[in-house]
$ cat final_7.pdb   # PDB, C-alpha atoms
MODEL        1
ATOM      1  CA  MET A  29     -18.400 -15.670  12.151
ATOM      2  CA  THR A  30     -15.899 -12.873  11.595
ATOM      3  CA  LYS A  31     -16.120  -9.625   9.696
ATOM      4  CA  CYS A  32     -13.823  -8.229   7.064
ATOM      5  CA  ILE A  33     -13.572  -4.493   6.434
ATOM      6  CA  TYR A  34     -12.792  -3.632   2.805
ATOM      7  CA  ALA A  35     -12.705   0.142   2.983
ATOM      8  CA  ILE A  36     -13.805   3.262   4.810
ATOM      9  CA  ILE A  37     -16.204   5.221   2.602
ATOM     10  CA  ASP A  38     -17.555   8.764   2.660
ATOM     11  CA  SER A  39     -21.218   7.904   2.987
ATOM     12  CA  GLU A  40     -23.630   6.766   5.645
ATOM     13  CA  HIS A  41     -26.293   5.596   3.188
ATOM     14  CA  ILE A  42     -27.087   1.992   2.431
ATOM     15  CA  LEU A  43     -25.165   0.660  -0.540
ATOM     16  CA  ASP A  44     -27.240   0.763  -3.699
ATOM     17  CA  ILE A  45     -24.986  -1.720  -5.443
ATOM     18  CA  ASP A  46     -25.026  -5.441  -4.933
ATOM     19  CA  ILE A  47     -21.496  -6.666  -4.232
ATOM     20  CA  LYS A  48     -20.395 -10.093  -3.094
ATOM     21  CA  GLY A  49     -17.293 -10.278  -0.930
ATOM     22  CA  ILE A  50     -14.931 -13.027   0.134
ATOM     23  CA  ASP A  51     -16.787 -16.331   0.621
ATOM     24  CA  GLY A  52     -19.722 -14.914  -1.328
ATOM     25  CA  TYR A  53     -21.246 -12.941   1.560
ATOM     26  CA  PRO A  54     -22.889  -9.644   0.636
ATOM     27  CA  VAL A  55     -21.029  -6.430   1.322
ATOM     28  CA  TYR A  56     -22.912  -3.992   3.545
ATOM     29  CA  ILE A  57     -22.022  -0.840   5.448
ATOM     30  CA  VAL A  58     -21.669  -0.002   9.105
ATOM     31  CA  ALA A  59     -22.182   3.722   9.521
ATOM     32  CA  TYR A  60     -20.980   6.259  12.044
ATOM     33  CA  LYS A  61     -21.983   9.880  11.464
ATOM     34  CA  ASN A  62     -21.268  10.585   7.790
ATOM     35  CA  ILE A  63     -18.761   7.801   7.138
ATOM     36  CA  SER A  64     -19.029   4.037   6.944
ATOM     37  CA  ALA A  65     -17.045   0.857   6.811
ATOM     38  CA  ALA A  66     -17.798  -1.463   3.894
ATOM     39  CA  VAL A  67     -17.933  -4.906   5.447
ATOM     40  CA  SER A  68     -18.878  -8.497   4.848
ATOM     41  CA  ASP A  69     -19.032 -11.623   6.915
ATOM     42  CA  ILE A  70     -16.246 -14.092   6.263
ATOM     43  CA  ASN A  71     -15.562 -17.644   7.301
ATOM     44  CA  LYS A  72     -13.111 -18.063  10.122
ATOM     45  CA  ASP A  73     -10.042 -19.045   8.101
ATOM     46  CA  SER A  74     -10.739 -16.862   5.133
ATOM     47  CA  LEU A  75      -8.190 -14.201   5.875
ATOM     48  CA  LYS A  76      -5.359 -16.541   5.116
ATOM     49  CA  VAL A  77      -3.748 -15.124   2.043
ATOM     50  CA  THR A  78      -4.411 -16.600  -1.354
ATOM     51  CA  ALA A  79      -4.178 -14.905  -4.728
ATOM     52  CA  GLU A  80      -7.852 -15.652  -5.349
ATOM     53  CA  LYS A  81      -8.987 -13.957  -2.123
ATOM     54  CA  ALA A  82      -6.724 -10.979  -2.729
ATOM     55  CA  LEU A  83      -8.312 -10.579  -6.173
ATOM     56  CA  VAL A  84     -11.844 -10.763  -4.779
ATOM     57  CA  TYR A  85     -10.868  -8.268  -2.078
ATOM     58  CA  GLU A  86      -9.482  -5.864  -4.681
ATOM     59  CA  GLU A  87     -12.556  -6.269  -6.901
ATOM     60  CA  VAL A  88     -14.852  -5.319  -4.021
ATOM     61  CA  ILE A  89     -12.841  -2.176  -3.399
ATOM     62  CA  GLU A  90     -12.799  -1.290  -7.105
ATOM     63  CA  CYS A  91     -16.594  -1.706  -7.282
ATOM     64  CA  LEU A  92     -16.989   0.631  -4.321
ATOM     65  CA  MET A  93     -14.524   3.099  -5.818
ATOM     66  CA  ALA A  94     -16.805   3.627  -8.828
ATOM     67  CA  ASP A  95     -19.411   5.256  -6.575
ATOM     68  CA  TYR A  96     -17.626   6.372  -3.405
ATOM     69  CA  THR A  97     -14.535   8.095  -2.151
ATOM     70  CA  LEU A  98     -12.781   5.510  -0.026
ATOM     71  CA  LEU A  99      -9.763   4.534   2.020
ATOM     72  CA  PRO A 100      -8.887   0.903   1.212
ATOM     73  CA  MET A 101      -8.233  -1.340   4.174
ATOM     74  CA  ARG A 102      -5.253  -3.660   4.150
ATOM     75  CA  PHE A 103      -6.212  -7.290   3.559
ATOM     76  CA  GLY A 104      -6.231  -9.441   6.671
ATOM     77  CA  GLU A 105      -7.692  -7.052   9.251
ATOM     78  CA  PRO A 106     -10.438  -9.073  10.930
ATOM     79  CA  VAL A 107     -12.996  -7.667  13.334
ATOM     80  CA  LYS A 108     -15.421  -9.508  15.562
ATOM     81  CA  ASP A 109     -18.684  -7.680  14.995
ATOM     82  CA  ASP A 110     -20.376  -4.422  14.049
ATOM     83  CA  ASN A 111     -19.789  -2.947  17.509
ATOM     84  CA  ASP A 112     -16.028  -3.224  17.025
ATOM     85  CA  ILE A 113     -16.387  -1.516  13.677
ATOM     86  CA  ILE A 114     -18.345   1.386  15.135
ATOM     87  CA  GLU A 115     -15.676   1.807  17.796
ATOM     88  CA  ILE A 116     -12.982   1.938  15.125
ATOM     89  CA  LEU A 117     -14.949   4.550  13.153
ATOM     90  CA  LYS A 118     -15.601   6.548  16.298
ATOM     91  CA  GLN A 119     -11.997   6.518  17.495
ATOM     92  CA  HIS A 120     -10.531   7.489  14.127
ATOM     93  CA  TYR A 121     -13.334   9.639  12.783
ATOM     94  CA  ASP A 122     -11.209  12.789  12.481
ATOM     95  CA  GLU A 123      -8.319  11.047  10.688
ATOM     96  CA  PHE A 124     -10.653   9.128   8.402
ATOM     97  CA  THR A 125     -12.569  12.231   7.349
ATOM     98  CA  LEU A 126      -9.329  14.136   6.793
ATOM     99  CA  ASN A 127      -7.867  11.409   4.602
ATOM    100  CA  LEU A 128     -11.141  10.942   2.723
ATOM    101  CA  THR A 129     -11.069  14.642   1.914
ATOM    102  CA  GLN A 130      -7.488  14.263   0.733
ATOM    103  CA  VAL A 131      -8.202  11.430  -1.709
ATOM    104  CA  LYS A 132     -11.588  12.693  -2.908
ATOM    105  CA  GLY A 133     -11.715  13.115  -6.686
ATOM    106  CA  LYS A 134      -8.280  11.565  -7.150
ATOM    107  CA  LEU A 135      -6.785   8.357  -8.511
ATOM    108  CA  GLU A 136      -3.613   6.477  -7.714
ATOM    109  CA  TYR A 137      -1.132   5.509 -10.415
ATOM    110  CA  GLY A 138       1.984   3.428  -9.970
ATOM    111  CA  LEU A 139       5.169   3.715 -12.006
ATOM    112  CA  LYS A 140       8.111   1.349 -11.984
ATOM    113  CA  ALA A 141      11.127   2.069 -14.163
ATOM    114  CA  LEU A 142      13.589  -0.733 -14.730
ATOM    115  CA  TRP A 143      16.976  -0.654 -16.369
ATOM    116  CA  ASP A 144      19.419  -3.237 -17.533
ATOM    117  CA  ILE A 145      22.666  -2.253 -15.850
ATOM    118  CA  LYS A 146      24.608  -4.417 -18.279
ATOM    119  CA  ASN A 147      23.151  -2.436 -21.186
ATOM    120  CA  ASN A 148      25.945  -1.171 -23.447
ATOM    121  CA  LYS A 149      24.982   2.441 -23.050
ATOM    122  CA  PHE A 150      25.222   2.284 -19.305
ATOM    123  CA  GLU A 151      28.384   0.229 -19.412
ATOM    124  CA  THR A 152      29.964   2.891 -21.581
ATOM    125  CA  ASP A 153      28.783   5.635 -19.253
ATOM    126  CA  VAL A 154      30.122   3.785 -16.268
ATOM    127  CA  LYS A 155      33.438   3.097 -17.955
ATOM    128  CA  ASP A 156      33.783   6.744 -18.961
ATOM    129  CA  LEU A 157      33.016   7.977 -15.504
ATOM    130  CA  SER A 158      35.109   5.476 -13.700
ATOM    131  CA  LYS A 159      38.254   5.713 -15.766
ATOM    132  CA  VAL A 160      41.245   5.159 -13.570
ATOM    133  CA  ASP A 161      44.820   5.212 -14.813
ATOM    134  CA  GLU A 162      46.508   1.851 -14.579
ATOM    135  CA  PRO A 163      49.763   1.900 -12.579
ATOM    136  CA  LYS A 164      52.916   1.413 -14.598
ATOM    137  CA  GLU A 165      54.206  -1.014 -12.063
ATOM    138  CA  GLY A 166      53.046  -2.231  -8.697
ATOM    139  CA  SER A 167      52.438  -5.129  -6.397
ATOM    140  CA  CYS A 168      49.336  -7.306  -6.315
ATOM    141  CA  TYR A 169      48.211  -5.306  -3.274
ATOM    142  CA  LYS A 170      48.231  -2.106  -5.268
ATOM    143  CA  LYS A 171      46.286  -3.841  -8.027
ATOM    144  CA  TYR A 172      43.727  -5.034  -5.448
ATOM    145  CA  LEU A 173      43.277  -1.511  -4.128
ATOM    146  CA  LEU A 174      43.015  -0.107  -7.628
ATOM    147  CA  ASP A 175      40.383  -2.695  -8.515
ATOM    148  CA  LYS A 176      38.467  -1.717  -5.400
ATOM    149  CA  LEU A 177      38.736   1.930  -6.339
ATOM    150  CA  LYS A 178      37.408   1.199  -9.834
ATOM    151  CA  GLU A 179      34.521  -0.733  -8.341
ATOM    152  CA  HIS A 180      33.745   2.150  -5.996
ATOM    153  CA  LYS A 181      33.837   4.659  -8.830
ATOM    154  CA  ALA A 182      31.644   2.412 -10.966
ATOM    155  CA  ASN A 183      29.091   2.243  -8.143
ATOM    156  CA  GLU A 184      29.242   6.005  -7.748
ATOM    157  CA  ALA A 185      28.628   6.387 -11.475
ATOM    158  CA  VAL A 186      25.606   4.073 -11.296
ATOM    159  CA  ILE A 187      24.189   6.012  -8.362
ATOM    160  CA  LYS A 188      24.754   9.318 -10.133
ATOM    161  CA  ARG A 189      23.104   8.047 -13.304
ATOM    162  CA  SER A 190      20.169   6.628 -11.374
ATOM    163  CA  GLU A 191      19.652   9.975  -9.611
ATOM    164  CA  GLN A 192      19.617  11.732 -12.988
ATOM    165  CA  ILE A 193      17.061   9.288 -14.352
ATOM    166  CA  ILE A 194      14.867   9.465 -11.271
ATOM    167  CA  GLU A 195      14.858  13.249 -11.319
ATOM    168  CA  SER A 196      14.056  13.454 -15.029
ATOM    169  CA  ILE A 197      11.173  10.996 -14.755
ATOM    170  CA  ASN A 198       9.725  11.650 -11.333
ATOM    171  CA  LYS A 199       9.684  15.442 -11.297
ATOM    172  CA  PRO A 200       7.368  16.031 -14.268
ATOM    173  CA  LEU A 201       4.946  13.393 -12.985
ATOM    174  CA  ALA A 202       5.076  14.619  -9.398
ATOM    175  CA  ASP A 203       4.364  18.142 -10.682
ATOM    176  CA  LEU A 204       1.137  16.833 -12.235
ATOM    177  CA  SER A 205       0.134  15.026  -9.028
ATOM    178  CA  PHE A 206      -1.543  16.076  -5.812
ATOM    179  CA  LEU A 207       0.800  13.819  -3.838
ATOM    180  CA  SER A 208       3.563  11.391  -4.703
ATOM    181  CA  LYS A 209       5.883   8.920  -3.035
ATOM    182  CA  LEU A 210       8.912   7.199  -4.444
ATOM    183  CA  LYS A 211      11.565   4.651  -3.660
ATOM    184  CA  LYS A 212      14.942   4.706  -5.378
ATOM    185  CA  MET A 213      16.948   1.672  -6.474
ATOM    186  CA  THR A 214      14.846  -0.813  -4.518
ATOM    187  CA  THR A 215      16.769  -3.469  -6.413
ATOM    188  CA  PRO A 216      19.707  -3.059  -8.847
ATOM    189  CA  LYS A 217      17.206  -3.224 -11.730
ATOM    190  CA  LEU A 218      14.312  -1.259 -10.231
ATOM    191  CA  VAL A 219      15.643   2.242 -10.503
ATOM    192  CA  LEU A 220      12.339   3.961  -9.669
ATOM    193  CA  ASP A 221       9.262   2.714  -7.811
ATOM    194  CA  ALA A 222       6.770   5.562  -7.417
ATOM    195  CA  VAL A 223       3.093   6.154  -6.728
ATOM    196  CA  TYR A 224       1.148   9.272  -7.621
ATOM    197  CA  LEU A 225      -2.195  10.614  -6.401
ATOM    198  CA  VAL A 226      -3.630  12.388  -9.428
ATOM    199  CA  GLU A 227      -6.749  14.537  -9.708
ATOM    200  CA  LYS A 228      -9.245  12.889 -12.043
ATOM    201  CA  GLU A 229      -9.328  15.832 -14.429
ATOM    202  CA  LYS A 230      -5.560  15.530 -14.888
ATOM    203  CA  LYS A 231      -5.387  11.810 -15.533
ATOM    204  CA  GLU A 232      -5.138  12.069 -19.340
ATOM    205  CA  ILE A 233      -2.331  14.611 -19.134
ATOM    206  CA  PHE A 234      -0.565  12.490 -16.534
ATOM    207  CA  VAL A 235      -0.716   9.329 -18.635
ATOM    208  CA  GLN A 236       0.349  11.265 -21.737
ATOM    209  CA  LYS A 237       3.351  12.674 -19.868
ATOM    210  CA  ALA A 238       4.324   9.179 -18.697
ATOM    211  CA  GLU A 239       4.150   7.938 -22.286
ATOM    212  CA  GLU A 240       6.354  10.852 -23.418
ATOM    213  CA  LEU A 241       8.899  10.038 -20.734
ATOM    214  CA  LYS A 242       8.891   6.415 -21.791
ATOM    215  CA  ALA A 243       9.593   7.442 -25.371
ATOM    216  CA  THR A 244      12.525   9.641 -24.376
ATOM    217  CA  ASN A 245      14.050   7.057 -22.033
ATOM    218  CA  GLY A 246      14.286   4.136 -24.397
ATOM    219  CA  GLU A 247      16.863   2.311 -22.313
ATOM    220  CA  LEU A 248      14.338   1.907 -19.490
ATOM    221  CA  ASP A 249      11.374  -0.410 -19.183
ATOM    222  CA  PHE A 250       8.335   1.413 -17.857
ATOM    223  CA  LEU A 251       5.532  -0.197 -15.934
ATOM    224  CA  LEU A 252       2.681   2.257 -15.460
ATOM    225  CA  THR A 253      -0.453   0.879 -13.820
ATOM    226  CA  GLY A 254      -3.726   2.350 -12.684
ATOM    227  CA  PRO A 255      -6.010   3.835 -11.809
ATOM    228  CA  TRP A 256      -5.935   2.168  -8.418
ATOM    229  CA  PRO A 257      -7.859   2.750  -5.218
ATOM    230  CA  PRO A 258      -5.637   5.001  -3.052
ATOM    231  CA  PHE A 259      -3.874   2.210  -1.162
ATOM    232  CA  ASN A 260      -0.672   4.228  -0.820
ATOM    233  CA  PHE A 261      -2.404   7.360   0.406
ATOM    234  CA  ALA A 262      -4.950   5.901   2.836
ATOM    235  CA  GLY A 263      -2.930   6.389   6.018
ATOM    236  CA  ASN A 264      -2.142   4.075   8.919
ATOM    237  CA  TYR A 265      -3.866   4.233  12.237
ATOM    238  CA  ASN A 266      -1.988   2.815  15.176
ATOM    239  CA  LEU A 267      -4.141   2.645  18.225
ATOM    240  CA  LYS A 268      -1.193   1.945  20.497
ATOM    241  CA  ASN A 269       0.439   5.325  20.064
ATOM    242  CA  GLY A 270      -2.639   7.205  18.937
ATOM    243  CA  SER A 271      -0.974   8.562  15.839
ATOM    244  CA  ALA A 272      -1.977   8.589  12.219
ATOM    245  CA  ASN A 273       0.508   8.527   9.336
TER     246      ASN A 273
ATOM    247  CA  MET B 114      -9.937  -3.015 -13.791
ATOM    248  CA  THR B 115     -10.399  -0.131 -16.223
ATOM    249  CA  ASP B 116      -7.737   1.910 -17.949
ATOM    250  CA  VAL B 117      -4.901  -0.423 -17.049
ATOM    251  CA  ILE B 118      -1.915   0.481 -19.143
ATOM    252  CA  THR B 119      -0.358  -2.945 -18.991
ATOM    253  CA  LYS B 120      -2.420  -5.997 -19.761
ATOM    254  CA  SER B 121       0.022  -8.528 -18.379
ATOM    255  CA  LYS B 122      -1.928 -10.785 -16.036
ATOM    256  CA  ASP B 123       1.068 -11.769 -13.922
ATOM    257  CA  VAL B 124       2.245  -8.203 -13.519
ATOM    258  CA  THR B 125      -1.235  -7.039 -12.577
ATOM    259  CA  LEU B 126      -1.545  -9.789  -9.954
ATOM    260  CA  LEU B 127       1.778  -8.742  -8.430
ATOM    261  CA  GLU B 128       0.668  -5.134  -8.304
ATOM    262  CA  ILE B 129      -2.626  -6.135  -6.683
ATOM    263  CA  LEU B 130      -0.942  -8.326  -4.083
ATOM    264  CA  ASP B 131       1.565  -5.591  -3.292
ATOM    265  CA  ARG B 132      -1.246  -3.152  -2.609
ATOM    266  CA  VAL B 133      -3.781  -5.262  -0.737
ATOM    267  CA  LEU B 134      -1.180  -7.028   1.406
ATOM    268  CA  THR B 135       1.238  -4.219   2.233
ATOM    269  CA  LYS B 136      -0.654  -0.942   1.780
ATOM    270  CA  GLY B 137      -3.959   0.515   2.883
ATOM    271  CA  VAL B 138      -5.384   1.332   6.272
ATOM    272  CA  VAL B 139      -4.110  -0.837   9.119
ATOM    273  CA  ILE B 140      -5.897  -0.963  12.408
ATOM    274  CA  SER B 141      -3.631  -2.522  14.985
ATOM    275  CA  GLY B 142      -3.648  -2.604  18.705
ATOM    276  CA  ASP B 143      -6.374  -2.984  21.238
ATOM    277  CA  ILE B 144      -9.808  -1.500  21.400
ATOM    278  CA  VAL B 145     -12.032  -1.065  24.377
ATOM    279  CA  ILE B 146     -15.684  -1.919  23.966
ATOM    280  CA  SER B 147     -18.413  -0.949  26.304
ATOM    281  CA  ILE B 148     -21.313  -3.372  26.188
ATOM    282  CA  ALA B 149     -24.652  -2.649  27.796
ATOM    283  CA  ASP B 150     -22.997  -0.122  30.141
ATOM    284  CA  ILE B 151     -21.958  -2.956  32.405
ATOM    285  CA  ASP B 152     -18.689  -4.489  31.275
ATOM    286  CA  LEU B 153     -15.609  -3.196  29.634
ATOM    287  CA  ILE B 154     -14.121  -6.007  27.617
ATOM    288  CA  TYR B 155     -10.634  -5.329  26.464
ATOM    289  CA  LEU B 156      -9.897  -7.214  23.272
ATOM    290  CA  GLY B 157      -6.829  -7.423  21.108
ATOM    291  CA  VAL B 158      -8.114  -6.825  17.601
ATOM    292  CA  LYS B 159      -5.570  -9.196  16.183
ATOM    293  CA  LEU B 160      -6.526 -11.852  18.712
ATOM    294  CA  LEU B 161     -10.204 -11.943  17.874
ATOM    295  CA  LEU B 162      -9.872 -15.302  16.242
ATOM    296  CA  SER B 163      -8.439 -17.011  19.295
ATOM    297  CA  SER B 164     -10.490 -18.695  21.960
ATOM    298  CA  VAL B 165     -11.343 -17.096  25.273
ATOM    299  CA  GLU B 166      -9.165 -19.676  27.027
ATOM    300  CA  THR B 167      -6.160 -18.702  24.944
ATOM    301  CA  MET B 168      -6.777 -15.051  25.707
ATOM    302  CA  GLU B 169      -6.972 -15.752  29.440
ATOM    303  CA  LYS B 170      -3.715 -17.696  29.395
ATOM    304  CA  TYR B 171      -2.079 -14.897  27.483
ATOM    305  CA  ARG B 172      -3.205 -12.260  29.893
ATOM    306  CA  GLY B 173      -2.701 -14.391  32.986
ATOM    307  CA  ALA B 174      -6.032 -13.392  34.469
ATOM    308  CA  ALA B 175      -9.719 -13.833  33.851
ATOM    309  CA  MET B 176     -11.133 -11.595  31.194
ATOM    310  CA  TYR B 177     -14.489 -11.204  32.814
ATOM    311  CA  SER B 178     -15.366  -8.524  35.324
ATOM    312  CA  GLN B 179     -16.956  -9.015  38.718
ATOM    313  CA  TYR B 180     -20.359  -9.084  37.045
ATOM    314  CA  ASN B 181     -19.603 -12.377  35.340
ATOM    315  CA  GLU B 182     -18.673 -15.358  37.437
ATOM    316  CA  PRO B 183     -15.897 -17.398  35.835
ATOM    317  CA  THR B 184     -17.009 -20.897  34.897
TER     318      THR B 184
ENDMDL
END

$ encode --input "final_7.pdb" --output "structure tokens"
Amino acid sequence: MTKCIYAIIDSEHILDIDIKGIDGYPVYIVAYKNISAAVSDINKDSLKVTAEKALVYEEVIECLMADYTLLPMRFGEPVKDDNDIIEILKQHYDEFTLNLTQVKGKLEYGLKALWDIKNNKFETDVKDLSKVDEPKEGSCYKKYLLDKLKEHKANEAVIKRSEQIIESINKPLADLSFLSKLKKMTTPKLVLDAVYLVEKEKKEIFVQKAEELKATNGELDFLLTGPWPPFNFAGNYNLKNGSAN
Amino acid sequence: MTDVITKSKDVTLLEILDRVLTKGVVISGDIVISIADIDLIYLGVKLLLSSVETMEKYRGAAMYSQYNEPT
């Protein structure tokens, strides 16, 4: 039998909610001082990834989130028994309590903004910005270089436009957040991929602001999801170098 | 999930998979466990599902201390 840790929670008291984990085993806690790991038994091969197991895993964490501040554990982190779990809690007690304090009373939201680079508006913008005078006469080599220059300028224009968009969308949302992280142009279509840690009392304002930004950026597709458990703000704990991120 | 802005099932599944599989707390590396104040058994957390024999081959030496005679 193996154990699966779902989350680190800010309580040492026995769970007063009945939750079934992966493989239908009950979720219980293993406590150390004033924190605990929410755990269940799992069958040996059960940490192989399937969509169904990932959904069950997420549902367990969401159930816990309703009553506890927590740091979600990444799926697929098996442990042998409760003694291992206590050792983990003991060794990382300071980092866990610090990060629990950080995420307490807050929710994670995710925002993806997508654009269609072939959209007429952008194409016009790119053409305007990348206008290069055609040579009156010249060899095929000159034409090749000029084509390359146009391509370079077009790419520069796209990058400049994407930076403008990212700034106009991300800044107002980041200003409403306790913490935020973002990735730019992960793919040619995904201009912004951001996550925000928002205080609960600000969640309505945050969502309203996102809706306003969507309305004023009609050329973009917005994907706003949440609230999530704080997966992106839980920290990583690498025992090999003793650091926490 | 409450308050989800988008109701698309496929999109939600992707978002869930992205989070549970690539984010969250990761505990990697080895931990040292003291059991009954006698042995220190050094286990690779990510190798907990392998057999003792596999572990011994990997480490090139017996896992057990002088207090346990190898079988």

$ atom_distance --input "final_7.pdb" --atom1 "CA of Pro106 (chain A)" --atom2 "CA of Leu126 (chain A)"
23.6 Å

$ interface_residues --input "final_7.pdb" --of "chain A" --to "chain B" --cutoff "9 Å" --atoms "only C-alpha atoms" --output "NGL selection string"
:A and (30 or 35-36 or 72-73 or 77 or 79 or 82-83 or 85-87 or 90 or 99-108 or 111-112 or 115-116 or 138 or 235 or 251-256 or 258-268)

$ closest_residue --input "final_7.pdb" --among "A:Ala238, A:Leu142, A:Ala202, A:Val58" --to "Val223 (chain A)" --atoms "all atoms listed in the file"
A:Ala202

$ atom_distance --input "final_7.pdb" --atom1 "CA of Lys212 (chain A)" --atom2 "CA of Lys181 (chain A)"
19.2 Å

$ atom_distance --input "final_7.pdb" --atom1 "CA of Tyr137 (chain A)" --atom2 "CA of Ser68 (chain A)"
27.3 Å

$ resolve_selection --input "final_7.pdb" --expression "the PyMOL selection byres ((chain A and resi 49-56) around 10)" --output "number ranges by chain"
A: 32-34, 42-48, 57-59, 64-71, 74-75, 80-89, 92

$ resolve_selection --input "final_7.pdb" --expression "the PyMOL selection byres ((chain A and resi 222) around 9)" --output "count of residues only"
15

$ closest_residue --input "final_7.pdb" --among "A:Cys168, A:Pro200, A:Leu117, A:Ala182" --to "Gln236 (chain A)" --atoms "all atoms listed in the file"
A:Pro200

$ residues_around --input "final_7.pdb" --residues "Leu204 (chain A)" --least-positions-apart "3" --cutoff "8 Å" --atoms "only C-alpha atoms" --output "short mmCIF file (atom, residue, chain, number, x, y, z; two decimals) with C-alpha atoms, keeping the file's coordinate frame"
data_model
loop_
_atom_site.label_atom_id
_atom_site.label_comp_id
_atom_site.auth_asym_id
_atom_site.auth_seq_id
_atom_site.Cartn_x
_atom_site.Cartn_y
_atom_site.Cartn_z
CA PRO A 200 7.37 16.03 -14.27
CA LEU A 201 4.95 13.39 -12.98
CA VAL A 226 -3.63 12.39 -9.43
CA LYS A 230 -5.56 15.53 -14.89
CA PHE A 234 -0.56 12.49 -16.53
#

$ residues_around --input "final_7.pdb" --residues "Glu229 (chain A)" --least-positions-apart "4" --cutoff "10 Å" --atoms "only C-alpha atoms" --output "number ranges by chain"
A: 133-135, 233-234

$ write_last_selection --input "final_7.pdb" --atoms "C-alpha atoms" --output "compact mmCIF listing (two decimals), in the frame of the given file"
# COMPACT_ATOMS: atom_id res chain seq x y z
CA GLY A 133 -11.72 13.12 -6.69
CA LYS A 134 -8.28 11.56 -7.15
CA LEU A 135 -6.78 8.36 -8.51
CA ILE A 233 -2.33 14.61 -19.13
CA PHE A 234 -0.56 12.49 -16.53
